[in-house]
file protein_15.pdb (PDB, C-alpha atoms, pLDDT in the B column)
ATOM      1  CA  VAL A   1      -8.010  -1.505  -1.547  1.00 82.00           C
ATOM      2  CA  LEU A   2     -10.109  -2.423  -4.562  1.00 89.00           C
ATOM      3  CA  LYS A   3     -13.397  -1.454  -2.941  1.00 88.00           C
ATOM      4  CA  ASP A   4     -12.422   1.204  -0.464  1.00 90.00           C
ATOM      5  CA  ASP A   5      -9.462   3.202  -1.727  1.00 96.00           C
ATOM      6  CA  PRO A   6     -10.520   6.687  -2.839  1.00 96.00           C
ATOM      7  CA  VAL A   7      -7.723   6.891  -5.436  1.00 97.00           C
ATOM      8  CA  PRO A   8      -8.694   5.320  -8.790  1.00 97.00           C
ATOM      9  CA  GLY A   9      -5.037   4.628  -9.646  1.00 97.00           C
ATOM     10  CA  ASN A  10      -4.685   2.493  -6.538  1.00 97.00           C
ATOM     11  CA  ARG A  11      -7.861   0.582  -7.376  1.00 97.00           C
ATOM     12  CA  SER A  12      -6.724  -0.049 -10.958  1.00 97.00           C
ATOM     13  CA  THR A  13      -3.357  -1.271  -9.673  1.00 97.00           C
ATOM     14  CA  ALA A  14      -5.209  -3.567  -7.278  1.00 97.00           C
ATOM     15  CA  CYS A  15      -7.142  -5.051 -10.217  1.00 96.00           C
ATOM     16  CA  LEU A  16      -3.947  -5.846 -12.062  1.00 95.00           C
ATOM     17  CA  ALA A  17      -2.334  -7.246  -8.912  1.00 95.00           C
ATOM     18  CA  LEU A  18      -5.274  -9.596  -8.442  1.00 94.00           C
ATOM     19  CA  SER A  19      -4.643 -11.006 -11.900  1.00 91.00           C
ATOM     20  CA  LEU A  20      -1.252 -12.237 -10.691  1.00 93.00           C
ATOM     21  CA  VAL A  21      -2.496 -14.541  -7.936  1.00 91.00           C
ATOM     22  CA  ASP A  22      -1.475 -18.184  -8.016  1.00 88.00           C
ATOM     23  CA  ALA A  23      -3.656 -20.562 -10.017  1.00 82.00           C
ATOM     24  CA  PRO A  24      -5.334 -22.236  -7.015  1.00 84.00           C
ATOM     25  CA  ARG A  25      -6.663 -18.870  -5.809  1.00 87.00           C
ATOM     26  CA  ARG A  26      -7.737 -17.352  -9.118  1.00 83.00           C
ATOM     27  CA  LYS A  27     -11.419 -18.174  -8.712  1.00 83.00           C
ATOM     28  CA  GLU A  28     -11.380 -16.212  -5.464  1.00 88.00           C
ATOM     29  CA  VAL A  29     -10.473 -12.930  -7.170  1.00 89.00           C
ATOM     30  CA  ILE A  30     -12.947 -13.086 -10.035  1.00 88.00           C
ATOM     31  CA  PRO A  31     -15.959 -11.759  -8.051  1.00 90.00           C
ATOM     32  CA  SER A  32     -13.991  -8.674  -6.999  1.00 93.00           C
ATOM     33  CA  LEU A  33     -12.938  -8.044 -10.588  1.00 93.00           C
ATOM     34  CA  PHE A  34     -16.537  -8.497 -11.783  1.00 91.00           C
ATOM     35  CA  ALA A  35     -17.677  -5.917  -9.253  1.00 94.00           C
ATOM     36  CA  ALA A  36     -15.003  -3.435 -10.294  1.00 96.00           C
ATOM     37  CA  LEU A  37     -15.857  -3.908 -13.974  1.00 95.00           C
ATOM     38  CA  LYS A  38     -19.544  -3.376 -13.360  1.00 94.00           C
ATOM     39  CA  ASP A  39     -19.710  -0.858 -10.536  1.00 95.00           C
ATOM     40  CA  ASP A  40     -16.587   1.274 -10.209  1.00 96.00           C
ATOM     41  CA  LYS A  41     -17.182   4.916 -11.079  1.00 96.00           C
ATOM     42  CA  ALA A  42     -13.692   5.403 -12.555  1.00 97.00           C
ATOM     43  CA  PRO A  43     -13.258   4.297 -16.191  1.00 97.00           C
ATOM     44  CA  LYS A  44      -9.582   3.560 -15.485  1.00 97.00           C
ATOM     45  CA  VAL A  45     -10.588   0.996 -12.862  1.00 97.00           C
ATOM     46  CA  ARG A  46     -13.228  -0.634 -15.065  1.00 96.00           C
ATOM     47  CA  ALA A  47     -10.680  -0.930 -17.882  1.00 97.00           C
ATOM     48  CA  ALA A  48      -8.105  -2.429 -15.501  1.00 97.00           C
ATOM     49  CA  ALA A  49     -10.688  -4.929 -14.262  1.00 95.00           C
ATOM     50  CA  ALA A  50     -11.378  -6.012 -17.855  1.00 93.00           C
ATOM     51  CA  GLU A  51      -7.665  -6.408 -18.505  1.00 93.00           C
ATOM     52  CA  ALA A  52      -7.202  -8.339 -15.277  1.00 93.00           C
ATOM     53  CA  LEU A  53     -10.055 -10.691 -16.166  1.00 90.00           C
ATOM     54  CA  SER A  54      -8.356 -11.422 -19.481  1.00 87.00           C
ATOM     55  CA  ARG A  55      -5.217 -12.465 -17.601  1.00 87.00           C
ATOM     56  CA  VAL A  56      -6.980 -14.814 -15.175  1.00 83.00           C
ATOM     57  CA  ARG A  57      -7.129 -17.903 -17.338  1.00 68.00           C
ATOM     58  CA  PRO A  58      -8.805 -20.395 -17.493  1.00 62.00           C
ATOM     59  CA  PRO A  59     -11.261 -19.341 -14.758  1.00 59.00           C
ATOM     60  CA  ALA A  60     -11.883 -16.080 -16.595  1.00 63.00           C
ATOM     61  CA  ALA A  61     -14.146 -17.982 -18.978  1.00 72.00           C
ATOM     62  CA  ASP A  62     -16.721 -17.272 -16.276  1.00 77.00           C
ATOM     63  CA  ALA A  63     -16.134 -13.581 -17.009  1.00 81.00           C
ATOM     64  CA  VAL A  64     -17.419 -13.616 -20.581  1.00 86.00           C
ATOM     65  CA  PRO A  65     -20.998 -12.534 -19.725  1.00 89.00           C
ATOM     66  CA  ALA A  66     -19.733  -9.620 -17.588  1.00 88.00           C
ATOM     67  CA  LEU A  67     -17.246  -8.601 -20.273  1.00 90.00           C
ATOM     68  CA  LEU A  68     -19.935  -8.683 -22.953  1.00 93.00           C
ATOM     69  CA  ALA A  69     -22.228  -6.563 -20.779  1.00 93.00           C
ATOM     70  CA  ALA A  70     -19.463  -3.992 -20.315  1.00 93.00           C
ATOM     71  CA  LEU A  71     -18.673  -4.048 -24.029  1.00 94.00           C
ATOM     72  CA  LYS A  72     -22.290  -3.267 -24.866  1.00 95.00           C
ATOM     73  CA  GLY A  73     -23.156  -0.946 -22.030  1.00 94.00           C
ATOM     74  CA  ASP A  74     -20.189   0.988 -20.677  1.00 96.00           C
ATOM     75  CA  PRO A  75     -20.365   4.666 -21.617  1.00 96.00           C
ATOM     76  CA  GLU A  76     -16.571   5.049 -21.827  1.00 96.00           C
ATOM     77  CA  GLY A  77     -14.816   4.120 -25.058  1.00 96.00           C
ATOM     78  CA  GLY A  78     -11.609   3.187 -23.248  1.00 95.00           C
ATOM     79  CA  VAL A  79     -13.462   0.677 -21.096  1.00 95.00           C
ATOM     80  CA  ARG A  80     -15.177  -0.816 -24.135  1.00 95.00           C
ATOM     81  CA  ALA A  81     -11.799  -1.086 -25.898  1.00 95.00           C
ATOM     82  CA  ALA A  82     -10.216  -2.827 -22.888  1.00 93.00           C
ATOM     83  CA  THR A  83     -13.206  -5.150 -22.694  1.00 92.00           C
ATOM     84  CA  ALA A  84     -13.009  -6.006 -26.396  1.00 93.00           C
ATOM     85  CA  LYS A  85      -9.305  -6.742 -26.010  1.00 90.00           C
ATOM     86  CA  ALA A  86     -10.021  -8.952 -23.001  1.00 87.00           C
ATOM     87  CA  LEU A  87     -12.532 -10.948 -25.027  1.00 87.00           C
ATOM     88  CA  VAL A  88     -10.076 -11.468 -27.884  1.00 85.00           C
ATOM     89  CA  VAL A  89      -7.073 -12.472 -25.799  1.00 70.00           C
TER      90      VAL A  89
END
call {"tool": "encode", "arguments": {"input": "protein_15.pdb", "output": "structure tokens"}}
result
Amino acid sequence: VLKDDPVPGNRSTACLALSLVDAPRRKEVIPSLFAALKDDKAPKVRAAAAEALSRVRPPAADAVPALLAALKGDPEGGVRAATAKALVV
């Protein structure tokens, strides 16, 4: 769903759902969230990916470089705000 669904709302929901996986599987979802944060065309999905990465703790420490890149380079203010929040949480 995260990669292939044409509806941005479904992809953003998928990001948030991935943040709820059990602790042993959290590292498995991080690459998909990285990809959504970096590559998805919909700002709503990129923002949801940032929020989801902030919820996936402690493995989300691996996400800091991707979050910083999005904070500096994403053209959408809402995505940058979600990324900043993810870095603070």
call {"tool": "residues_around", "arguments": {"input": "protein_15.pdb", "residues": "range 59-69 of chain A", "least_positions_apart": "6", "cutoff": "9 Å", "atoms": "all atoms listed in the file", "output": "list in words"}}
result
Arg26, Lys27, Ile30, Phe34, Leu37, Lys38, Ala50, Leu53, Arg80, Thr83, Ala84, Ala86 and Leu87 of chain A
call {"tool": "closest_residue", "arguments": {"input": "protein_15.pdb", "among": "A:Ala47, A:Pro31, A:Ser54, A:Val7", "to": "Ser19 in chain A", "atoms": "all atoms listed in the file"}}
result
A:Ser54
call {"tool": "resolve_selection", "arguments": {"input": "protein_15.pdb", "expression": "the PyMOL selection byres ((chain A and resi 32) around 9)", "output": "PyMOL selection string"}}
result
chain A and resi 2-3+15+18+28-31+33-37+49
call {"tool": "closest_residue", "arguments": {"input": "protein_15.pdb", "among": "A:Lys85, A:Arg55, A:Lys41, A:Lys72", "to": "Asp22 in chain A", "atoms": "all atoms listed in the file"}}
result
A:Arg55
call {"tool": "closest_residue", "arguments": {"input": "protein_15.pdb", "among": "A:Val1, A:Val88, A:Ala14, A:Ala42", "to": "Leu71 in chain A", "atoms": "only C-alpha atoms"}}
result
A:Val88
call {"tool": "decode", "arguments": {"input": "protein_15.pdb", "residues": "range 11-24 of chain A", "atoms": "N, CA, C and O atoms", "output": "JSON list (two decimals), in the first residue's frame"}}
result
[["chain", "number", "residue", "atom", "x", "y", "z"],
["A", 11, "ARG", "N", -1.72, 6.04, 1.61],
["A", 11, "ARG", "CA", -0.28, 5.90, 1.86],
["A", 11, "ARG", "C", 0.11, 6.55, 3.18],
["A", 11, "ARG", "O", 0.94, 6.01, 3.92],
["A", 12, "SER", "N", -0.49, 7.69, 3.51],
["A", 12, "SER", "CA", -0.16, 8.33, 4.79],
["A", 12, "SER", "C", -0.66, 7.48, 5.96],
["A", 12, "SER", "O", 0.02, 7.36, 6.97],
["A", 13, "THR", "N", -1.83, 6.87, 5.80],
["A", 13, "THR", "CA", -2.33, 5.97, 6.83],
["A", 13, "THR", "C", -1.41, 4.76, 6.99],
["A", 13, "THR", "O", -1.15, 4.30, 8.11],
["A", 14, "ALA", "N", -0.90, 4.27, 5.88],
["A", 14, "ALA", "CA", 0.04, 3.14, 5.92],
["A", 14, "ALA", "C", 1.30, 3.52, 6.70],
["A", 14, "ALA", "O", 1.81, 2.71, 7.48],
["A", 15, "CYS", "N", 1.79, 4.74, 6.50],
["A", 15, "CYS", "CA", 2.97, 5.19, 7.26],
["A", 15, "CYS", "C", 2.70, 5.12, 8.76],
["A", 15, "CYS", "O", 3.51, 4.59, 9.53],
["A", 16, "LEU", "N", 1.57, 5.67, 9.16],
["A", 16, "LEU", "CA", 1.25, 5.69, 10.58],
["A", 16, "LEU", "C", 1.01, 4.28, 11.12],
["A", 16, "LEU", "O", 1.39, 3.97, 12.26],
["A", 17, "ALA", "N", 0.43, 3.40, 10.31],
["A", 17, "ALA", "CA", 0.23, 2.02, 10.74],
["A", 17, "ALA", "C", 1.57, 1.32, 10.94],
["A", 17, "ALA", "O", 1.72, 0.52, 11.88],
["A", 18, "LEU", "N", 2.53, 1.61, 10.08],
["A", 18, "LEU", "CA", 3.84, 0.98, 10.24],
["A", 18, "LEU", "C", 4.51, 1.40, 11.54],
["A", 18, "LEU", "O", 5.32, 0.66, 12.09],
["A", 19, "SER", "N", 4.19, 2.56, 12.04],
["A", 19, "SER", "CA", 4.80, 3.00, 13.30],
["A", 19, "SER", "C", 4.27, 2.23, 14.50],
["A", 19, "SER", "O", 4.82, 2.34, 15.59],
["A", 20, "LEU", "N", 3.23, 1.44, 14.29],
["A", 20, "LEU", "CA", 2.62, 0.69, 15.40],
["A", 20, "LEU", "C", 3.09, -0.76, 15.48],
["A", 20, "LEU", "O", 2.59, -1.50, 16.32],
["A", 21, "VAL", "N", 4.02, -1.16, 14.64],
["A", 21, "VAL", "CA", 4.46, -2.55, 14.66],
["A", 21, "VAL", "C", 5.15, -2.87, 15.98],
["A", 21, "VAL", "O", 5.68, -1.98, 16.66],
["A", 22, "ASP", "N", 5.16, -4.14, 16.32],
["A", 22, "ASP", "CA", 5.80, -4.58, 17.55],
["A", 22, "ASP", "C", 7.30, -4.29, 17.51],
["A", 22, "ASP", "O", 7.93, -4.31, 16.44],
["A", 23, "ALA", "N", 7.87, -4.10, 18.68],
["A", 23, "ALA", "CA", 9.28, -3.73, 18.81],
["A", 23, "ALA", "C", 10.24, -4.62, 18.01],
["A", 23, "ALA", "O", 11.14, -4.10, 17.36],
["A", 24, "PRO", "N", 10.08, -5.94, 18.03],
["A", 24, "PRO", "CA", 11.04, -6.77, 17.29],
["A", 24, "PRO", "C", 11.05, -6.52, 15.78],
["A", 24, "PRO", "O", 12.04, -6.78, 15.12]]
